[in-house]
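Since the structure comes first, as structure tokens, the remarks are kept for the end.
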Amino acid sequence: MEHKILYNTVIFSIIIGAIIIYFFVSIIRHHRRFVRLQREKIFAEITIRENERKRIAGDLHDSMGPLLAAVKLNISNVEVEQEADREVLEKTAKYLDEIIGSMRRISHDLLPNTLERKGLVEAIREFINQINVKASLNIQLYVVKEIQVPKEKEIHIFRMIQEIVHNTIKHAQARNLQIGFSEEEGHLLFLAKDDGKGFDKEKVLAGAHGLGLRSLESRCEILNGVLSLESKPGAGTNYFIKIPVA
């Protein structure tokens, strides 16, 4: 009788154990599937966004640019006798110059031509030079070792740099930002360090200002990379990113 009870107990325990194992395996599979679907959704959204930016930048450069240039040329060829009319045409030509300049800047922000022509590092150098001219933030770029990045990954890395720089300008109140690149064992290593006021990471991620950080995390996840962020009030912010590029 005791043997039968023991036998039934063992069998019952095995069944319960199998059910528990099956339950946890199902949860793990469901979680992995959910994470994969979320990654695919984020990748699709970002890809659509980048394609739309590329389309708009192309329309501005190929359609609006030549059209505005033609309008300016026509205005410059108009002959008037009255001084007041001449002044109106000169002002109109200046306004057109401002519109054309703004349009070029918008087109460049949407899709930097340098990224297509010269690659990631040169595009980052050009972007940093533009920021150093306009903003009070002093940015220093260090390329420790020449990096080779697949074309399909360049735009995502460039957008991450833009996000970090814009976050630093808008929120950090920093005077200096150091950015370093290197490549090690098939991985791109990126470090950014500012001397700003820092922030509470968890608090920022929970609020509306955390959109930029979540965008960084999403792009890093798309690239199968790792993002490490260190910051606390009064101590500046450090970003470290490691992305496989081999």
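The way I read the labels, and the way they are meant: chains A, B, ... in the order of the structure tokens, residue 1 as the first residue of every chain, and ligand 1 as the first ligand shown, with later ones counted on from there.
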Near-Gly198 (chain A) list (9 Å; only C-alpha atoms; drop same-chain fewer than 3 positions) as a VMD selection string | chain A and resid 171 to 173 194 to 195 201 230 to 237
How about saving the chosen residues, C-alpha atoms kept, as a PDB file, in the first residue's frame?
```pdb
ATOM      1  CA  HIS A 171      18.623  69.723 -21.840  1.00  0.00           C
ATOM      2  CA  ALA A 172      22.159  69.298 -20.526  1.00  0.00           C
ATOM      3  CA  GLN A 173      23.298  72.951 -20.325  1.00  0.00           C
ATOM      4  CA  ASP A 194      29.283  65.904 -21.642  1.00  0.00           C
ATOM      5  CA  ASP A 195      29.922  68.183 -18.664  1.00  0.00           C
ATOM      6  CA  LYS A 201      17.545  58.375 -16.005  1.00  0.00           C
ATOM      7  CA  GLU A 230      25.360  56.835 -17.016  1.00  0.00           C
ATOM      8  CA  SER A 231      24.032  60.078 -15.587  1.00  0.00           C
ATOM      9  CA  LYS A 232      23.033  61.681 -12.332  1.00  0.00           C
ATOM     10  CA  PRO A 233      22.130  65.239 -11.376  1.00  0.00           C
ATOM     11  CA  GLY A 234      25.189  67.484 -11.298  1.00  0.00           C
ATOM     12  CA  ALA A 235      27.574  64.907 -12.800  1.00  0.00           C
ATOM     13  CA  GLY A 236      27.095  65.104 -16.592  1.00  0.00           C
ATOM     14  CA  THR A 237      26.104  62.265 -18.895  1.00  0.00           C
TER      15      THR A 237
END
```
Please provide the set of residues having any atom within 10 Å of Ile131 (chain A), restricted to only C-alpha atoms, with same-chain residues fewer than 5 positions apart removed, written as an MDAnalysis selection string.
-> chainID A and resid 125:126 136:139 165:166 169
Tell me, as a PyMOL selection string, which residues lie within 9 Å of region 58-64 of chain A, counting only C-alpha atoms; anything in the same chain fewer than 5 positions away does not count.
-> chain A and resi 53+69+100+103-104+106-107+111
Within region 1-245 of chain A, find each residue whose DSSP state, derived from the backbone, is strand (DSSP E), and express the selection as an MDAnalysis selection string.
-> chainID A and resid 138:143 176:184 187:194 226:231 237:244
Fewer than 3 positions away in the same chain doesn't count, so skip those; otherwise give me all residues within 7 Å of Ser228 (chain A), counting only C-alpha atoms, as a list in words.
->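 The residues that qualify are Tyr239, Phe240 and Ile241 of chain A.
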Residue subset to file, keeping C-alpha atoms, as a JSON list (two decimals), in the first residue's frame:
```
[["chain", "number", "residue", "atom", "x", "y", "z"],
["A", 239, "TYR", "CA", 26.76, 57.35, -23.42],
["A", 240, "PHE", "CA", 28.46, 54.12, -24.47],
["A", 241, "ILE", "CA", 27.23, 52.20, -27.51]]
```
Identify, on the basis of only C-alpha atoms, every residue whose closest approach to Ala70 (chain A) does not exceed 12 Å; exclude the query and any residue fewer than 5 positions from it along the same chain; express the result as a list of chain:residue names.
-> A:Ser63, A:Met64, A:Gly65, A:Ile75, A:Ser76, A:Asn77, A:Ala93, A:Leu96, A:Asp97, A:Ile100
Any chance you could export the current selection's N, CA and C atoms as a PDB file, in the first residue's frame?
```
ATOM      1  N   SER A  63      13.103  69.108 -57.027  1.00  0.00           N
ATOM      2  CA  SER A  63      11.946  69.816 -57.589  1.00  0.00           C
ATOM      3  C   SER A  63      11.863  71.262 -57.118  1.00  0.00           C
ATOM      4  N   MET A  64      11.783  71.443 -55.800  1.00  0.00           N
ATOM      5  CA  MET A  64      11.602  72.782 -55.265  1.00  0.00           C
ATOM      6  C   MET A  64      12.830  73.659 -55.492  1.00  0.00           C
ATOM      7  N   GLY A  65      14.019  73.077 -55.345  1.00  0.00           N
ATOM      8  CA  GLY A  65      15.248  73.857 -55.517  1.00  0.00           C
ATOM      9  C   GLY A  65      15.355  74.482 -56.890  1.00  0.00           C
ATOM     10  N   ILE A  75      13.036  86.925 -61.805  1.00  0.00           N
ATOM     11  CA  ILE A  75      12.906  88.211 -61.118  1.00  0.00           C
ATOM     12  C   ILE A  75      14.103  89.113 -61.414  1.00  0.00           C
ATOM     13  N   SER A  76      15.300  88.507 -61.420  1.00  0.00           N
ATOM     14  CA  SER A  76      16.503  89.307 -61.670  1.00  0.00           C
ATOM     15  C   SER A  76      16.539  89.855 -63.094  1.00  0.00           C
ATOM     16  N   ASN A  77      15.800  89.220 -64.006  1.00  0.00           N
ATOM     17  CA  ASN A  77      15.775  89.673 -65.403  1.00  0.00           C
ATOM     18  C   ASN A  77      14.685  90.703 -65.676  1.00  0.00           C
ATOM     19  N   ALA A  93      14.072  89.070 -54.086  1.00  0.00           N
ATOM     20  CA  ALA A  93      15.210  88.195 -54.384  1.00  0.00           C
ATOM     21  C   ALA A  93      15.905  87.747 -53.096  1.00  0.00           C
ATOM     22  N   LEU A  96      13.831  85.125 -51.453  1.00  0.00           N
ATOM     23  CA  LEU A  96      14.010  83.850 -52.150  1.00  0.00           C
ATOM     24  C   LEU A  96      15.331  83.185 -51.748  1.00  0.00           C
ATOM     25  N   ASP A  97      16.380  83.985 -51.580  1.00  0.00           N
ATOM     26  CA  ASP A  97      17.666  83.433 -51.135  1.00  0.00           C
ATOM     27  C   ASP A  97      17.520  82.778 -49.762  1.00  0.00           C
ATOM     28  N   ILE A 100      15.571  79.519 -50.158  1.00  0.00           N
ATOM     29  CA  ILE A 100      16.413  78.478 -50.759  1.00  0.00           C
ATOM     30  C   ILE A 100      17.414  77.952 -49.733  1.00  0.00           C
TER      31      ILE A 100
END
```
